[in-house]
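Chemist: Just so it is clear, I am handing over final_23.pdb, which has PDB, C-alpha atoms.
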ATOM      1  CA  MET A  44      -1.525  -5.728  -8.936
ATOM      2  CA  LYS A  45      -2.487  -2.901 -11.301
ATOM      3  CA  LEU A  46       0.156  -0.701  -9.693
ATOM      4  CA  THR A  47       2.751  -3.414 -10.249
ATOM      5  CA  LEU A  48       2.031  -3.460 -13.975
ATOM      6  CA  VAL A  49       2.277   0.327 -14.188
ATOM      7  CA  PHE A  50       5.520   0.457 -12.207
ATOM      8  CA  THR A  51       7.150  -2.368 -14.150
ATOM      9  CA  THR A  52       6.114  -0.882 -17.499
ATOM     10  CA  LEU A  53       7.429   2.556 -16.570
ATOM     11  CA  LEU A  54      10.727   1.222 -15.342
ATOM     12  CA  SER A  55      11.138  -1.058 -18.356
ATOM     13  CA  ALA A  56      10.425   1.780 -20.746
ATOM     14  CA  SER A  57      12.906   4.011 -18.961
ATOM     15  CA  SER A  58      15.667   1.409 -19.129
ATOM     16  CA  VAL A  59      16.244   2.324 -22.775
ATOM     17  CA  TYR A  60      18.464   5.124 -21.460
ATOM     18  CA  ALA A  61      20.796   2.637 -19.794
ATOM     19  CA  VAL A  62      21.363   0.318 -22.756
ATOM     20  CA  SER A  63      25.096   1.019 -22.853
ATOM     21  CA  GLN A  64      25.611  -0.518 -19.395
ATOM     22  CA  LYS A  65      25.738  -4.298 -19.338
ATOM     23  CA  VAL A  66      23.916  -5.985 -16.494
ATOM     24  CA  THR A  67      26.203  -7.816 -14.080
ATOM     25  CA  GLN A  68      25.136 -10.929 -12.203
ATOM     26  CA  ALA A  69      25.006  -8.912  -8.966
ATOM     27  CA  GLU A  70      22.702  -6.342 -10.549
ATOM     28  CA  TYR A  71      20.526  -9.092 -12.023
ATOM     29  CA  ASN A  72      20.233 -10.664  -8.582
ATOM     30  CA  ASP A  73      19.236  -7.343  -7.014
ATOM     31  CA  TRP A  74      16.494  -6.764  -9.591
ATOM     32  CA  GLU A  75      15.264 -10.337  -9.261
ATOM     33  CA  HIS A  76      15.137  -9.942  -5.473
ATOM     34  CA  CYS A  77      12.576  -7.141  -5.844
ATOM     35  CA  LEU A  78      10.219  -9.381  -7.775
ATOM     36  CA  THR A  79      10.672 -12.498  -5.660
ATOM     37  CA  GLU A  80      10.006 -10.534  -2.460
ATOM     38  CA  MET A  81       6.727  -9.191  -3.836
ATOM     39  CA  LEU A  82       5.604 -12.573  -5.170
ATOM     40  CA  GLY A  83       6.520 -14.200  -1.865
ATOM     41  CA  ARG A  84       4.294 -11.735  -0.032
ATOM     42  CA  PHE A  85       1.425 -12.528  -2.387
ATOM     43  CA  ASP A  86       1.989 -16.240  -1.738
ATOM     44  CA  GLN A  87       1.737 -15.525   1.998
ATOM     45  CA  GLY A  88      -1.657 -13.895   1.478
ATOM     46  CA  ASP A  89      -0.556 -10.268   1.624
ATOM     47  CA  SER A  90      -2.601  -8.083  -0.682
ATOM     48  CA  GLY A  91      -3.449  -4.469  -1.287
ATOM     49  CA  ASP A  92      -0.938  -1.797  -2.145
ATOM     50  CA  GLY A  93       1.650  -2.848   0.450
ATOM     51  CA  PRO A  94       3.525  -5.472  -1.593
ATOM     52  CA  THR A  95       3.238  -3.389  -4.754
ATOM     53  CA  CYS A  96       4.510  -0.242  -3.089
ATOM     54  CA  ASP A  97       7.397  -2.135  -1.516
ATOM     55  CA  TYR A  98       8.147  -3.565  -4.971
ATOM     56  CA  TRP A  99       8.189  -0.050  -6.415
ATOM     57  CA  THR A 100      10.475   1.172  -3.646
ATOM     58  CA  CYS A 101      12.829  -1.737  -4.335
ATOM     59  CA  LEU A 102      12.793  -1.080  -8.097
ATOM     60  CA  HIS A 103      13.381   2.598  -7.500
ATOM     61  CA  GLY A 104      16.321   1.804  -5.243
ATOM     62  CA  GLN A 105      17.880  -0.534  -7.814
ATOM     63  CA  ALA A 106      17.377   2.000 -10.616
ATOM     64  CA  SER A 107      19.175   4.622  -8.546
ATOM     65  CA  LYS A 108      21.902   2.210  -7.415
ATOM     66  CA  TYR A 109      22.727   1.065 -10.937
ATOM     67  CA  GLY A 110      22.079   4.300 -12.818
ATOM     68  CA  ARG A 111      19.050   2.965 -14.689
ATOM     69  CA  GLY A 112      15.934   4.878 -15.598
ATOM     70  CA  GLY A 113      17.252   8.347 -16.318
ATOM     71  CA  ILE A 114      14.787  11.145 -15.725
ATOM     72  CA  LEU A 115      11.995   8.765 -14.783
ATOM     73  CA  THR A 116      13.934   7.488 -11.793
ATOM     74  CA  GLY A 117      14.437  11.036 -10.540
ATOM     75  CA  THR A 118      10.810  12.029 -10.975
ATOM     76  CA  SER A 119       9.471   8.797  -9.520
ATOM     77  CA  ASN A 120       9.987  10.137  -6.019
ATOM     78  CA  ALA A 121       6.365  11.298  -6.194
ATOM     79  CA  LEU A 122       5.174   7.694  -6.516
ATOM     80  CA  THR A 123       7.505   6.616  -3.739
ATOM     81  CA  ALA A 124       5.950   9.276  -1.491
ATOM     82  CA  VAL A 125       2.427   8.088  -2.351
ATOM     83  CA  CYS A 126       3.417   4.567  -1.390
ATOM     84  CA  GLY A 127       4.866   5.841   1.879
ATOM     85  CA  VAL A 128       1.551   7.468   2.779
ATOM     86  CA  ASP A 129      -0.321   4.330   1.745
ATOM     87  CA  ASN A 130       1.923   2.094   3.863
ATOM     88  CA  LEU A 131       1.459   4.400   6.841
ATOM     89  CA  ALA A 132      -2.329   4.286   6.391
ATOM     90  CA  ASN A 133      -2.207   0.483   6.245
ATOM     91  CA  HIS A 134      -0.203   0.301   9.480
ATOM     92  CA  VAL A 135      -2.502   2.707  11.322
ATOM     93  CA  ALA A 136      -5.573   0.832  10.083
ATOM     94  CA  GLY A 137      -3.937  -2.416  11.228
ATOM     95  CA  TRP A 138      -3.781  -1.065  14.771
ATOM     96  CA  PHE A 139      -7.578  -0.986  14.702
ATOM     97  CA  GLY A 140      -7.937  -4.373  13.028
ATOM     98  CA  VAL A 141      -8.902  -2.895   9.674
ATOM     99  CA  LYS A 142      -7.254  -4.231   6.516
ATOM    100  CA  ILE A 143      -7.033  -1.745   3.662
TER     101      ILE A 143
END
If you convert what's in this file into structure tokens, what do you get?

Modeler:
Amino acid sequence: MKLTLVFTTLLSASSVYAVSQKVTQAEYNDWEHCLTEMLGRFDQGDSGDGPTCDYWTCLHGQASKYGRGGILTGTSNALTAVCGVDNLANHVAGWFGVKI
């Protein structure tokens, strides 16, 4: 959950660069989808970094798709890579019945 707050704050702060673009209903729906997917996973009992990292990946994808975030979106690939490693570790641990 801490990662979610960091990711959301960073993306919100970076959206200042995209003020000139109005948000369409389709874009709004795409952004909302990211949040509802993560909250749905929490409701299903999923925890750890998995839902948060997937949320970040979704936010990152929407920021790229809609030209939001400026430089932050480009440099956020490092966080996306960290989440990829974390998700891989969670899957491997799951093979052995360990929940990270």

Chemist: For the atom pair atom CA of A:Arg84 and atom CA of A:Tyr98, what is the interatomic distance in Å to one decimal place?

Modeler: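 Between atom CA of A:Arg84 and atom CA of A:Tyr98 the gap is 10.3 Å.
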
Chemist: Please compute the atom CA of A:Pro94-atom CA of A:Met81 distance, one decimal, in Å.

Modeler: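 Interatomic distance, atom CA of A:Pro94 to atom CA of A:Met81: 5.4 Å.
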
Chemist: Closest to A:Thr95 among A:Gln64, A:Cys126, A:Ser107, A:Glu75, using only C-alpha atoms?

Modeler: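 Smallest distance to A:Thr95 is found for A:Cys126.
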
Chemist: Hey, can you check how far atom CA of A:Thr67 sits from atom CA of A:Leu102?

Modeler: 16.2 Å

Chemist: If you count only C-alpha atoms, which residues fall within 12 Å of A:Gln105, apart from same-chain ones fewer than 5 positions away, as a ChimeraX atom specification?

Modeler: /A:54,58,66,69-78,98-100,110-112,116

Chemist: Considering all atoms listed in the file, state which residue in the set A:Tyr109, A:Ile114, A:Gln68, A:Asp97 is at the smallest distance from A:Leu82.

Modeler: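 Smallest distance to A:Leu82 is found for A:Asp97.
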